[in-house]
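Source file run-v8.pdb; content: PDB, C-alpha atoms.
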MODEL        1
ATOM      1  CA  MET D 717     -74.014  17.253-153.128
ATOM      2  CA  SER D 718     -75.926  13.996-153.051
ATOM      3  CA  TYR D 719     -74.077  10.709-153.609
ATOM      4  CA  THR D 720     -73.897   7.200-152.216
ATOM      5  CA  VAL D 721     -70.886   4.913-151.839
ATOM      6  CA  LEU D 722     -70.220   1.221-152.348
ATOM      7  CA  ILE D 723     -68.463  -0.526-149.475
ATOM      8  CA  TYR D 724     -65.230  -2.471-149.995
ATOM      9  CA  ASP D 725     -63.058  -4.594-147.661
ATOM     10  CA  TYR D 726     -59.295  -4.322-147.263
ATOM     11  CA  VAL D 727     -57.416  -7.283-148.758
ATOM     12  CA  ASN D 728     -54.270  -8.537-147.043
ATOM     13  CA  ILE D 729     -51.700  -9.653-149.627
ATOM     14  CA  ASP D 730     -51.252 -13.047-147.870
ATOM     15  CA  ASN D 731     -54.632 -13.829-146.361
ATOM     16  CA  GLY D 732     -57.178 -12.064-148.562
ATOM     17  CA  ASP D 733     -60.218 -10.174-147.250
ATOM     18  CA  VAL D 734     -59.612  -9.235-143.592
ATOM     19  CA  ILE D 735     -63.165  -8.132-142.779
ATOM     20  CA  LYS D 736     -65.095 -11.248-143.909
ATOM     21  CA  PRO D 737     -63.260 -13.749-141.625
ATOM     22  CA  TRP D 738     -63.775 -11.415-138.662
ATOM     23  CA  LEU D 739     -67.494 -11.139-139.446
ATOM     24  CA  ASP D 740     -67.847 -14.903-139.914
ATOM     25  CA  GLN D 741     -66.519 -15.672-136.423
ATOM     26  CA  LEU D 742     -68.946 -13.278-134.723
ATOM     27  CA  ARG D 743     -72.267 -14.408-133.303
ATOM     28  CA  PRO D 744     -74.908 -14.357-136.069
ATOM     29  CA  ILE D 745     -76.813 -11.550-134.332
ATOM     30  CA  VAL D 746     -73.725  -9.298-134.365
ATOM     31  CA  LYS D 747     -72.826 -10.204-137.944
ATOM     32  CA  ALA D 748     -76.422  -9.423-138.954
ATOM     33  CA  LYS D 749     -76.239  -6.049-137.202
ATOM     34  CA  VAL D 750     -73.038  -5.182-139.051
ATOM     35  CA  ASN D 751     -74.326  -6.245-142.463
ATOM     36  CA  ALA D 752     -77.712  -4.541-141.988
ATOM     37  CA  ARG D 753     -75.888  -1.351-141.025
ATOM     38  CA  LEU D 754     -73.492  -1.518-143.990
ATOM     39  CA  ASN D 755     -76.371  -2.244-146.361
ATOM     40  CA  THR D 756     -78.259   0.841-145.198
ATOM     41  CA  LEU D 757     -75.167   3.047-145.272
ATOM     42  CA  GLU D 758     -74.618   2.078-148.909
ATOM     43  CA  GLN D 759     -78.055   3.434-149.763
ATOM     44  CA  ILE D 760     -78.218   6.696-147.871
ATOM     45  CA  ASN D 761     -76.555   9.891-148.965
ATOM     46  CA  ARG D 762     -72.892   9.813-147.887
ATOM     47  CA  THR D 763     -73.313  13.329-146.468
ATOM     48  CA  GLU D 764     -75.943  11.925-144.086
ATOM     49  CA  TRP D 765     -73.557   9.496-142.416
ATOM     50  CA  ALA D 766     -73.508  10.799-138.852
ATOM     51  CA  MET D 767     -73.750   9.798-135.210
ATOM     52  CA  PRO D 768     -74.898   7.359-133.987
ATOM     53  CA  LEU D 769     -74.402   5.404-137.243
ATOM     54  CA  THR D 770     -70.870   6.625-137.848
ATOM     55  CA  GLU D 771     -68.241   8.867-136.278
ATOM     56  CA  VAL D 772     -65.523  10.988-137.894
ATOM     57  CA  LEU D 773     -62.246  10.226-136.079
ATOM     58  CA  LYS D 774     -59.497  12.676-135.118
ATOM     59  CA  GLY D 775     -55.920  12.591-133.839
ATOM     60  CA  ASP D 776     -53.922   9.531-134.901
ATOM     61  CA  LYS D 777     -57.055   8.301-136.693
ATOM     62  CA  ASP D 778     -57.576  11.515-138.652
ATOM     63  CA  GLY D 779     -59.333  10.864-141.959
ATOM     64  CA  LEU D 780     -60.845   7.611-140.727
ATOM     65  CA  ILE D 781     -64.540   6.961-140.136
ATOM     66  CA  ALA D 782     -65.845   4.529-137.513
ATOM     67  CA  ILE D 783     -69.015   2.572-138.196
ATOM     68  CA  ARG D 784     -70.625   2.044-134.795
ATOM     69  CA  ILE D 785     -72.513  -1.043-133.647
ATOM     70  CA  LYS D 786     -73.487  -1.917-130.096
ATOM     71  CA  TYR D 787     -74.666  -5.270-128.838
ATOM     72  CA  GLN D 788     -75.056  -6.340-125.205
ATOM     73  CA  GLY D 789     -72.782  -3.580-123.955
ATOM     74  CA  ILE D 790     -69.984  -4.253-126.457
ATOM     75  CA  GLU D 791     -69.204  -1.320-128.746
ATOM     76  CA  TYR D 792     -67.970  -2.723-132.047
ATOM     77  CA  ARG D 793     -66.188  -0.389-134.457
ATOM     78  CA  LEU D 794     -65.308  -0.831-138.109
ATOM     79  CA  LEU D 795     -62.737   1.694-139.287
ATOM     80  CA  GLY D 796     -62.668   2.769-142.913
ATOM     81  CA  TYR D 797     -62.068   5.693-145.240
ATOM     82  CA  ASP D 798     -63.531   7.323-148.343
ATOM     83  CA  GLY D 799     -61.642   5.825-151.271
ATOM     84  CA  PRO D 800     -59.523   4.753-152.967
ATOM     85  CA  PHE D 801     -61.833   5.874-155.767
ATOM     86  CA  ARG D 802     -64.747   8.273-155.759
ATOM     87  CA  GLY D 803     -67.985   6.619-154.648
ATOM     88  CA  GLU D 804     -66.168   4.009-152.582
ATOM     89  CA  PHE D 805     -65.727   3.479-148.856
ATOM     90  CA  THR D 806     -63.190   0.850-147.791
ATOM     91  CA  LEU D 807     -63.277  -0.984-144.460
ATOM     92  CA  LEU D 808     -59.759  -1.245-143.051
ATOM     93  CA  ALA D 809     -59.877  -2.751-139.564
ATOM     94  CA  ASN D 810     -62.172  -3.753-136.722
ATOM     95  CA  CYS D 811     -61.920  -3.052-133.030
ATOM     96  CA  THR D 812     -63.995  -2.424-129.931
ATOM     97  CA  GLU D 813     -64.384   0.781-127.929
ATOM     98  CA  ARG D 814     -64.189   0.785-124.148
ATOM     99  CA  ASN D 815     -64.001   3.906-121.947
ATOM    100  CA  ASN D 816     -63.424   6.056-125.045
ATOM    101  CA  LYS D 817     -60.398   3.941-126.061
ATOM    102  CA  TYR D 818     -60.154   1.733-129.114
ATOM    103  CA  ILE D 819     -58.925  -1.804-128.509
ATOM    104  CA  PRO D 820     -56.441  -2.845-129.810
ATOM    105  CA  LEU D 821     -54.774   0.466-129.069
ATOM    106  CA  ASP D 822     -52.781   0.439-132.312
ATOM    107  CA  VAL D 823     -55.833   0.002-134.564
ATOM    108  CA  GLY D 824     -55.425   3.549-135.902
ATOM    109  CA  ARG D 825     -51.859   2.819-137.009
ATOM    110  CA  VAL D 826     -52.903  -0.506-138.579
ATOM    111  CA  ALA D 827     -55.801   1.136-140.411
ATOM    112  CA  ASN D 828     -53.582   3.916-141.767
ATOM    113  CA  GLU D 829     -50.946   1.400-142.934
ATOM    114  CA  ARG D 830     -53.638  -0.537-144.752
ATOM    115  CA  ARG D 831     -54.963   2.646-146.273
ATOM    116  CA  ARG D 832     -51.501   3.412-147.672
ATOM    117  CA  SER D 833     -51.274  -0.131-149.076
ATOM    118  CA  ILE D 834     -54.581   0.363-150.865
ATOM    119  CA  GLU D 835     -53.552   3.723-152.248
ATOM    120  CA  ALA D 836     -50.380   2.102-153.637
ATOM    121  CA  ASN D 837     -52.265  -0.761-155.269
ATOM    122  CA  PRO D 838     -56.030  -0.167-155.205
ATOM    123  CA  ILE D 839     -57.010  -3.001-157.513
ATOM    124  CA  ALA D 840     -55.277  -5.770-155.571
ATOM    125  CA  ARG D 841     -55.798  -4.487-152.035
ATOM    126  CA  ARG D 842     -59.542  -4.160-151.809
ATOM    127  CA  THR D 843     -62.597  -6.223-152.717
ATOM    128  CA  ARG D 844     -66.337  -5.562-152.718
ATOM    129  CA  HIS D 845     -67.868  -6.256-149.311
ATOM    130  CA  ASP D 846     -69.540  -9.675-149.190
ATOM    131  CA  PHE D 847     -73.035  -9.505-147.642
ATOM    132  CA  ARG D 848     -73.287 -13.287-147.028
TER     133      ARG D 848
ATOM    134  CA  MET Q 197     -81.956 -10.505-163.009
ATOM    135  CA  ILE Q 198     -80.961  -9.874-159.403
ATOM    136  CA  SER Q 199     -77.893  -7.972-158.215
ATOM    137  CA  ASP Q 200     -74.867  -9.675-156.636
ATOM    138  CA  LYS Q 201     -75.789  -8.098-153.322
ATOM    139  CA  GLU Q 202     -79.368  -9.395-153.385
ATOM    140  CA  ARG Q 203     -78.084 -12.874-154.300
ATOM    141  CA  GLN Q 204     -75.567 -12.753-151.432
ATOM    142  CA  ILE Q 205     -78.281 -11.716-148.999
ATOM    143  CA  GLN Q 206     -80.517 -14.559-150.210
ATOM    144  CA  GLU Q 207     -77.653 -17.041-149.785
ATOM    145  CA  SER Q 208     -77.049 -15.817-146.238
ATOM    146  CA  PHE Q 209     -80.595 -16.878-145.308
ATOM    147  CA  THR Q 210     -79.535 -20.544-145.170
ATOM    148  CA  ASN Q 211     -78.360 -19.867-141.596
ATOM    149  CA  ILE Q 212     -81.587 -19.712-139.592
ATOM    150  CA  GLU Q 213     -80.145 -17.739-136.669
ATOM    151  CA  TYR Q 214     -78.562 -15.229-139.036
ATOM    152  CA  ARG Q 215     -81.657 -14.698-141.179
ATOM    153  CA  LYS Q 216     -83.829 -14.123-138.108
ATOM    154  CA  ALA Q 217     -81.339 -11.568-136.832
ATOM    155  CA  LEU Q 218     -80.922  -9.881-140.213
ATOM    156  CA  ALA Q 219     -84.693  -9.439-140.588
ATOM    157  CA  ILE Q 220     -84.832  -7.735-137.191
ATOM    158  CA  GLU Q 221     -81.749  -5.609-137.770
ATOM    159  CA  HIS Q 222     -82.994  -4.448-141.162
ATOM    160  CA  VAL Q 223     -86.172  -3.206-139.481
ATOM    161  CA  ASN Q 224     -84.237  -1.560-136.638
ATOM    162  CA  THR Q 225     -81.802   0.213-138.934
ATOM    163  CA  THR Q 226     -84.403   1.298-141.474
ATOM    164  CA  LEU Q 227     -86.815   2.654-138.857
ATOM    165  CA  ALA Q 228     -84.072   4.642-137.123
ATOM    166  CA  VAL Q 229     -82.916   6.157-140.406
ATOM    167  CA  GLN Q 230     -86.473   6.857-141.576
ATOM    168  CA  ILE Q 231     -87.433   8.690-138.389
ATOM    169  CA  ARG Q 232     -84.318  10.850-138.545
ATOM    170  CA  LYS Q 233     -84.689  11.621-142.250
ATOM    171  CA  MET Q 234     -88.405  12.485-141.967
ATOM    172  CA  ARG Q 235     -87.670  14.757-138.993
ATOM    173  CA  GLU Q 236     -84.778  16.503-140.736
ATOM    174  CA  HIS Q 237     -86.825  16.905-143.923
ATOM    175  CA  ARG Q 238     -89.289  18.960-141.877
ATOM    176  CA  GLN Q 239     -86.375  20.855-140.287
ATOM    177  CA  TRP Q 240     -87.459  19.825-136.824
ATOM    178  CA  LYS Q 241     -85.005  19.391-133.975
ATOM    179  CA  GLN Q 242     -85.324  16.212-131.906
ATOM    180  CA  HIS Q 243     -87.004  18.158-129.100
ATOM    181  CA  GLU Q 244     -89.574  19.584-131.542
ATOM    182  CA  LEU Q 245     -90.628  16.107-132.641
ATOM    183  CA  ALA Q 246     -90.626  15.024-128.992
ATOM    184  CA  ASP Q 247     -92.862  17.972-128.024
ATOM    185  CA  ARG Q 248     -95.372  17.139-130.762
ATOM    186  CA  LEU Q 249     -95.604  13.585-129.432
ATOM    187  CA  GLY Q 250     -95.512  14.464-125.738
ATOM    188  CA  LYS Q 251     -92.177  12.665-125.298
ATOM    189  CA  HIS Q 252     -88.693  13.600-124.104
ATOM    190  CA  GLN Q 253     -85.931  14.544-126.570
ATOM    191  CA  GLU Q 254     -83.918  11.577-125.269
ATOM    192  CA  THR Q 255     -86.697   9.255-126.439
ATOM    193  CA  VAL Q 256     -86.469  10.597-129.996
ATOM    194  CA  SER Q 257     -82.690  10.214-129.818
ATOM    195  CA  GLN Q 258     -83.204   6.541-128.901
ATOM    196  CA  TRP Q 259     -85.642   6.024-131.796
ATOM    197  CA  GLU Q 260     -83.019   7.369-134.192
ATOM    198  CA  ASN Q 261     -80.387   4.940-132.905
ATOM    199  CA  PRO Q 262     -80.365   1.672-134.926
ATOM    200  CA  ASP Q 263     -79.152  -0.192-131.837
ATOM    201  CA  TYR Q 264     -82.360   0.692-129.948
ATOM    202  CA  GLY Q 265     -84.787  -1.733-131.594
ATOM    203  CA  ARG Q 266     -87.621  -1.667-129.020
ATOM    204  CA  TYR Q 267     -90.289   0.213-130.951
ATOM    205  CA  SER Q 268     -93.904  -0.640-130.177
ATOM    206  CA  ILE Q 269     -96.460  -0.615-132.964
ATOM    207  CA  THR Q 270     -98.423   1.974-130.977
ATOM    208  CA  THR Q 271     -95.413   4.303-130.978
ATOM    209  CA  LEU Q 272     -94.850   3.758-134.693
ATOM    210  CA  LYS Q 273     -98.514   4.624-135.376
ATOM    211  CA  GLU Q 274     -98.094   7.869-133.423
ATOM    212  CA  ILE Q 275     -94.912   8.747-135.318
ATOM    213  CA  ALA Q 276     -96.619   8.008-138.655
ATOM    214  CA  ALA Q 277     -99.523  10.280-137.696
ATOM    215  CA  ILE Q 278     -97.215  13.172-136.788
ATOM    216  CA  PHE Q 279     -95.353  12.878-140.101
ATOM    217  CA  ASP Q 280     -98.637  12.345-142.017
ATOM    218  CA  VAL Q 281     -97.357   9.151-143.654
ATOM    219  CA  ALA Q 282     -98.787   5.632-143.640
ATOM    220  CA  LEU Q 283     -97.413   2.809-141.517
ATOM    221  CA  LEU Q 284     -97.369  -0.665-143.076
ATOM    222  CA  VAL Q 285     -96.566  -3.639-140.836
ATOM    223  CA  LYS Q 286     -96.887  -7.038-142.471
ATOM    224  CA  PHE Q 287     -95.329 -10.495-142.618
ATOM    225  CA  ILE Q 288     -93.343 -11.270-145.759
ATOM    226  CA  PRO Q 289     -91.234 -14.151-147.122
ATOM    227  CA  PHE Q 290     -87.446 -13.801-146.903
ATOM    228  CA  SER Q 291     -87.168 -13.411-150.683
ATOM    229  CA  GLU Q 292     -89.102 -10.142-150.332
ATOM    230  CA  LEU Q 293     -86.870  -9.081-147.464
ATOM    231  CA  ALA Q 294     -83.800  -9.411-149.712
ATOM    232  CA  LYS Q 295     -85.520  -7.299-152.369
ATOM    233  CA  ASP Q 296     -86.482  -4.671-149.805
ATOM    234  CA  MET Q 297     -82.953  -4.536-148.415
ATOM    235  CA  VAL Q 298     -81.428  -3.576-151.763
ATOM    236  CA  ASN Q 299     -84.131  -1.063-152.668
ATOM    237  CA  LEU Q 300     -83.880   1.632-150.021
ATOM    238  CA  SER Q 301     -84.476   4.630-152.266
ATOM    239  CA  GLU Q 302     -84.586   8.191-150.949
ATOM    240  CA  THR Q 303     -88.375   8.257-151.329
ATOM    241  CA  ARG Q 304     -88.719   5.032-149.370
ATOM    242  CA  LEU Q 305     -86.396   6.198-146.596
ATOM    243  CA  SER Q 306     -88.007   9.621-146.334
ATOM    244  CA  PRO Q 307     -91.551   9.222-147.642
ATOM    245  CA  PRO Q 308     -93.405  12.447-148.442
ATOM    246  CA  SER Q 309     -96.369  13.468-146.316
ATOM    247  CA  PHE Q 310     -99.851  13.254-147.838
ATOM    248  CA  ASN Q 311     -99.829  16.970-148.646
ATOM    249  CA  GLU Q 312     -96.396  16.721-150.271
ATOM    250  CA  GLU Q 313     -97.562  13.802-152.384
ATOM    251  CA  ILE Q 314    -100.546  15.782-153.645
ATOM    252  CA  HIS Q 315     -98.377  18.815-154.287
ATOM    253  CA  ASN Q 316     -95.812  16.708-156.183
ATOM    254  CA  ALA Q 317     -98.550  15.040-158.210
ATOM    255  CA  TYR Q 318     -99.988  18.456-159.065
ATOM    256  CA  GLN Q 319     -96.583  19.766-160.136
ATOM    257  CA  SER Q 320     -95.960  16.737-162.333
ATOM    258  CA  CYS Q 321     -99.226  17.121-164.251
ATOM    259  CA  LEU Q 322     -98.926  20.860-164.858
ATOM    260  CA  PRO Q 323     -98.526  21.539-168.595
ATOM    261  CA  SER Q 324     -94.958  22.529-169.367
ATOM    262  CA  PRO Q 325     -94.491  26.199-170.343
ATOM    263  CA  GLY Q 326     -94.813  26.669-174.085
ATOM    264  CA  ALA Q 327     -96.784  23.483-174.634
ATOM    265  CA  ALA Q 328     -99.076  23.893-177.617
ATOM    266  CA  ASN Q 329    -102.106  22.154-176.198
ATOM    267  CA  THR Q 330    -103.353  20.942-172.899
ATOM    268  CA  GLN Q 331    -104.882  17.532-173.298
ATOM    269  CA  ASP Q 332    -108.308  16.720-171.915
ATOM    270  CA  SER Q 333    -106.689  14.186-169.611
ATOM    271  CA  ASP Q 334    -104.474  16.918-168.129
ATOM    272  CA  LEU Q 335    -107.538  19.009-167.411
ATOM    273  CA  TYR Q 336    -109.224  16.024-165.819
ATOM    274  CA  ASP Q 337    -106.140  15.439-163.624
ATOM    275  CA  LEU Q 338    -106.084  19.093-162.560
ATOM    276  CA  LYS Q 339    -109.774  19.049-161.691
ATOM    277  CA  HIS Q 340    -109.300  15.789-159.795
ATOM    278  CA  LEU Q 341    -106.345  17.253-157.879
ATOM    279  CA  ASN Q 342    -108.236  20.473-157.186
ATOM    280  CA  ASP Q 343    -111.001  18.389-155.648
ATOM    281  CA  LYS Q 344    -108.468  16.512-153.541
ATOM    282  CA  LEU Q 345    -106.735  19.695-152.433
ATOM    283  CA  LYS Q 346    -110.039  21.065-151.116
ATOM    284  CA  HIS Q 347    -109.838  18.369-148.452
ATOM    285  CA  LEU Q 348    -106.351  19.287-147.302
ATOM    286  CA  ASP Q 349    -105.893  20.998-143.980
ATOM    287  CA  GLN Q 350    -103.719  23.668-145.590
ATOM    288  CA  LYS Q 351    -104.960  26.352-147.929
ATOM    289  CA  PRO Q 352    -104.538  24.946-151.428
ATOM    290  CA  PRO Q 353    -102.684  26.885-154.072
ATOM    291  CA  VAL Q 354    -104.678  28.369-156.945
ATOM    292  CA  LEU Q 355    -104.742  25.612-159.502
ATOM    293  CA  GLU Q 356    -105.246  26.770-163.031
ATOM    294  CA  PRO Q 357    -103.726  25.344-166.168
ATOM    295  CA  SER Q 358    -100.803  27.561-167.133
ATOM    296  CA  VAL Q 359    -101.541  27.122-170.833
ATOM    297  CA  LYS Q 360    -104.700  28.493-172.383
ATOM    298  CA  VAL Q 361    -106.734  26.083-174.445
TER     299      VAL Q 361
ENDMDL
END
Please re-express this file's structure in structure tokens.
Amino acid sequence: MSYTVLIYDYVNIDNGDVIKPWLDQLRPIVKAKVNARLNTLEQINRTEWAMPLTEVLKGDKDGLIAIRIKYQGIEYRLLGYDGPFRGEFTLLANCTERNNKYIPLDVGRVANERRRSIEANPIARRTRHDFR
Amino acid sequence: MISDKERQIQESFTNIEYRKALAIEHVNTTLAVQIRKMREHRQWKQHELADRLGKHQETVSQWENPDYGRYSITTLKEIAAIFDVALLVKFIPFSELAKDMVNLSETRLSPPSFNEEIHNAYQSCLPSPGAANTQDSDLYDLKHLNDKLKHLDQKPPVLEPSVKV
């Protein structure tokens, strides 16, 4: 079945959007890579999300998808999931990958906690991704 | 009326370093996705595309990675020729870049080959079953398409109006 998704950011109850501040402190080239990637992902069929653009995670990150970006040897990862509503993909946390390990090591737990927070209150705990 | 996303992208252009990078990354991401989608549409494996171009499978894998970004125009011309699509490389203002970024339709990401375009055009101008009359313009279109199909490298289908006039 063919469908696309809109990308949302997780919203922390105290500090607001958690993805935008992270993006804003990156070098412009890396921020541009992330936003170009997210923009394209929004417009291709969700069923076509695959390596090397994205990766379906397993184990303690089961149900999460990693959006993959590499720049000058650094493997950036944005973890998200399909939801909370149909046609939406919400970014939950960022990390880097080194030697097949995600850093920080507890990013899977953090992402899953945030996912549960969104599911409990989807209106307040997510906002449309800002492409500025 | 522009979308919120297009407006946000336009606003982001005020940072010169960012807009330069975004222009490059849009090209890198779009090319990688286009090459993969055009290959998959033809049901070719990476090694099959590589063989047709006299390259290694690993090279095709690199082309389909948005982090690669080192395409030469010569390579892009060769890829366009294999897929029988046109390659357009041109300089544009940033306002057009923002428009392009929010308009990545399926047809634009996986453009049909020349033969597919002709076939699709032929299908779209066939009279619908049960139509009372076939207009003169329809007949002209069919004749025009028949003429075009004669130049294709594949054997054209028999093109006759399905409705008698």
**Message:** Calculated over all atoms listed in the file, which of the candidates D:Leu794, D:Leu757, D:Leu739, D:Ile781 has the smallest distance to Leu722 (chain D)?
**Reply:**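 Ranking D:Leu794, D:Leu757, D:Leu739, D:Ile781 by distance to Leu722 (chain D), first place goes to D:Leu757.
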**Asked** CA of Ile212 (chain Q) to CA of Val229 (chain Q): how many Å, to one decimal?
**Response**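 Between CA of Ile212 (chain Q) and CA of Val229 (chain Q) the gap works out to 25.9 Å.
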Give me the residues within 12 Å of Lys777 (chain D) as a PDB file with C-alpha atoms, in the frame of the given file, counting all atoms listed in the file and dropping any in the same chain fewer than 3 places off.
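That gives us part.pdb:
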ATOM      1  CA  GLU D 771     -68.241   8.867-136.278  1.00  0.00           C
ATOM      2  CA  VAL D 772     -65.523  10.988-137.894  1.00  0.00           C
ATOM      3  CA  LEU D 773     -62.246  10.226-136.079  1.00  0.00           C
ATOM      4  CA  LYS D 774     -59.497  12.676-135.118  1.00  0.00           C
ATOM      5  CA  LEU D 780     -60.845   7.611-140.727  1.00  0.00           C
ATOM      6  CA  ILE D 781     -64.540   6.961-140.136  1.00  0.00           C
ATOM      7  CA  ALA D 782     -65.845   4.529-137.513  1.00  0.00           C
ATOM      8  CA  LEU D 795     -62.737   1.694-139.287  1.00  0.00           C
ATOM      9  CA  GLY D 796     -62.668   2.769-142.913  1.00  0.00           C
ATOM     10  CA  TYR D 797     -62.068   5.693-145.240  1.00  0.00           C
ATOM     11  CA  LEU D 808     -59.759  -1.245-143.051  1.00  0.00           C
ATOM     12  CA  ALA D 809     -59.877  -2.751-139.564  1.00  0.00           C
ATOM     13  CA  LYS D 817     -60.398   3.941-126.061  1.00  0.00           C
ATOM     14  CA  TYR D 818     -60.154   1.733-129.114  1.00  0.00           C
ATOM     15  CA  LEU D 821     -54.774   0.466-129.069  1.00  0.00           C
ATOM     16  CA  ASP D 822     -52.781   0.439-132.312  1.00  0.00           C
ATOM     17  CA  VAL D 823     -55.833   0.002-134.564  1.00  0.00           C
ATOM     18  CA  GLY D 824     -55.425   3.549-135.902  1.00  0.00           C
ATOM     19  CA  ARG D 825     -51.859   2.819-137.009  1.00  0.00           C
ATOM     20  CA  VAL D 826     -52.903  -0.506-138.579  1.00  0.00           C
ATOM     21  CA  ALA D 827     -55.801   1.136-140.411  1.00  0.00           C
ATOM     22  CA  ASN D 828     -53.582   3.916-141.767  1.00  0.00           C
ATOM     23  CA  GLU D 829     -50.946   1.400-142.934  1.00  0.00           C
ATOM     24  CA  ARG D 831     -54.963   2.646-146.273  1.00  0.00           C
TER      25      ARG D 831
END
**Request:** Tell me which residues the PyMOL selection byres ((chain Q) within 6 of (chain D)) grabs here, as a PyMOL selection string.
**Result:** chain Q and resi 204-205+208+214+217-218+221-222
**For Ala276 (chain Q): contacts at 12 Å, all atoms listed in the file, fewer than 2 positions along chain excluded, given as a PyMOL selection string** = chain Q and resi 227+230-231+234-235+245+249+269-274+278-285+306-310
Would you write out those residues with C-alpha atoms, as a PDB file, keeping the file's coordinate frame?
ATOM      1  CA  LEU Q 227     -86.815   2.654-138.857  1.00  0.00           C
ATOM      2  CA  GLN Q 230     -86.473   6.857-141.576  1.00  0.00           C
ATOM      3  CA  ILE Q 231     -87.433   8.690-138.389  1.00  0.00           C
ATOM      4  CA  MET Q 234     -88.405  12.485-141.967  1.00  0.00           C
ATOM      5  CA  ARG Q 235     -87.670  14.757-138.993  1.00  0.00           C
ATOM      6  CA  LEU Q 245     -90.628  16.107-132.641  1.00  0.00           C
ATOM      7  CA  LEU Q 249     -95.604  13.585-129.432  1.00  0.00           C
ATOM      8  CA  ILE Q 269     -96.460  -0.615-132.964  1.00  0.00           C
ATOM      9  CA  THR Q 270     -98.423   1.974-130.977  1.00  0.00           C
ATOM     10  CA  THR Q 271     -95.413   4.303-130.978  1.00  0.00           C
ATOM     11  CA  LEU Q 272     -94.850   3.758-134.693  1.00  0.00           C
ATOM     12  CA  LYS Q 273     -98.514   4.624-135.376  1.00  0.00           C
ATOM     13  CA  GLU Q 274     -98.094   7.869-133.423  1.00  0.00           C
ATOM     14  CA  ILE Q 278     -97.215  13.172-136.788  1.00  0.00           C
ATOM     15  CA  PHE Q 279     -95.353  12.878-140.101  1.00  0.00           C
ATOM     16  CA  ASP Q 280     -98.637  12.345-142.017  1.00  0.00           C
ATOM     17  CA  VAL Q 281     -97.357   9.151-143.654  1.00  0.00           C
ATOM     18  CA  ALA Q 282     -98.787   5.632-143.640  1.00  0.00           C
ATOM     19  CA  LEU Q 283     -97.413   2.809-141.517  1.00  0.00           C
ATOM     20  CA  LEU Q 284     -97.369  -0.665-143.076  1.00  0.00           C
ATOM     21  CA  VAL Q 285     -96.566  -3.639-140.836  1.00  0.00           C
ATOM     22  CA  SER Q 306     -88.007   9.621-146.334  1.00  0.00           C
ATOM     23  CA  PRO Q 307     -91.551   9.222-147.642  1.00  0.00           C
ATOM     24  CA  PRO Q 308     -93.405  12.447-148.442  1.00  0.00           C
ATOM     25  CA  SER Q 309     -96.369  13.468-146.316  1.00  0.00           C
ATOM     26  CA  PHE Q 310     -99.851  13.254-147.838  1.00  0.00           C
TER      27      PHE Q 310
END
Determine the residue membership of the PyMOL selection byres ((chain D and resi 804) around 9) for the file above and supply it as a short mmCIF file (atom, residue, chain, number, x, y, z; two decimals) with C-alpha atoms, keeping the file's coordinate frame.
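Wrote it out as expr-v3.cif, contents follow:
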data_model
loop_
_atom_site.label_atom_id
_atom_site.label_comp_id
_atom_site.auth_asym_id
_atom_site.auth_seq_id
_atom_site.Cartn_x
_atom_site.Cartn_y
_atom_site.Cartn_z
CA THR D 720 -73.90 7.20 -152.22
CA VAL D 721 -70.89 4.91 -151.84
CA LEU D 722 -70.22 1.22 -152.35
CA ILE D 723 -68.46 -0.53 -149.48
CA TYR D 724 -65.23 -2.47 -150.00
CA TYR D 797 -62.07 5.69 -145.24
CA ASP D 798 -63.53 7.32 -148.34
CA GLY D 799 -61.64 5.82 -151.27
CA PRO D 800 -59.52 4.75 -152.97
CA PHE D 801 -61.83 5.87 -155.77
CA ARG D 802 -64.75 8.27 -155.76
CA GLY D 803 -67.98 6.62 -154.65
CA PHE D 805 -65.73 3.48 -148.86
CA THR D 806 -63.19 0.85 -147.79
#
Centre and edge lengths of an axis-aligned box around all listed atoms of region 205-212 of chain Q, with 5 Å added on each side, are to be given in Å to one decimal, as AutoDock Vina command-line options.
--center_x -79.3 --center_y -16.1 --center_z -144.9 --size_x 14.5 --size_y 18.8 --size_z 20.6
**Asked** Nearest to Asn815 (chain D): which of D:Ile790, D:Trp765, D:Arg832, D:Pro838 is it, counting all atoms listed in the file?
**Response**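 Of D:Ile790, D:Trp765, D:Arg832, D:Pro838, the one nearest Asn815 (chain D) is D:Ile790, counting all atoms listed in the file.
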**Message:** Just to confirm, what's the straight-line distance from CA of Phe290 (chain Q) to CA of Arg203 (chain Q) in Å (one decimal)?
**Reply:**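 Computing the Euclidean distance for CA of Phe290 (chain Q) and CA of Arg203 (chain Q) yields 12.0 Å.
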**Prompt:** Leaving out Leu293 (chain Q) and any residue of its chain fewer than 6 positions from it, which residues lie within 10 Å of it when counting all atoms listed in the file, given as a ChimeraX atom specification?
**Reply:** /Q:202,205-206,215,218-219,222-223,287,299
**Request:** Excluding region 727-738 of chain D and residues on its chain fewer than 4 positions from it, collect all residues at most 7 Å away from it, counting all atoms listed in the file, and give them as a PyMOL selection string.
**Result:** chain D and resi 742+841-843
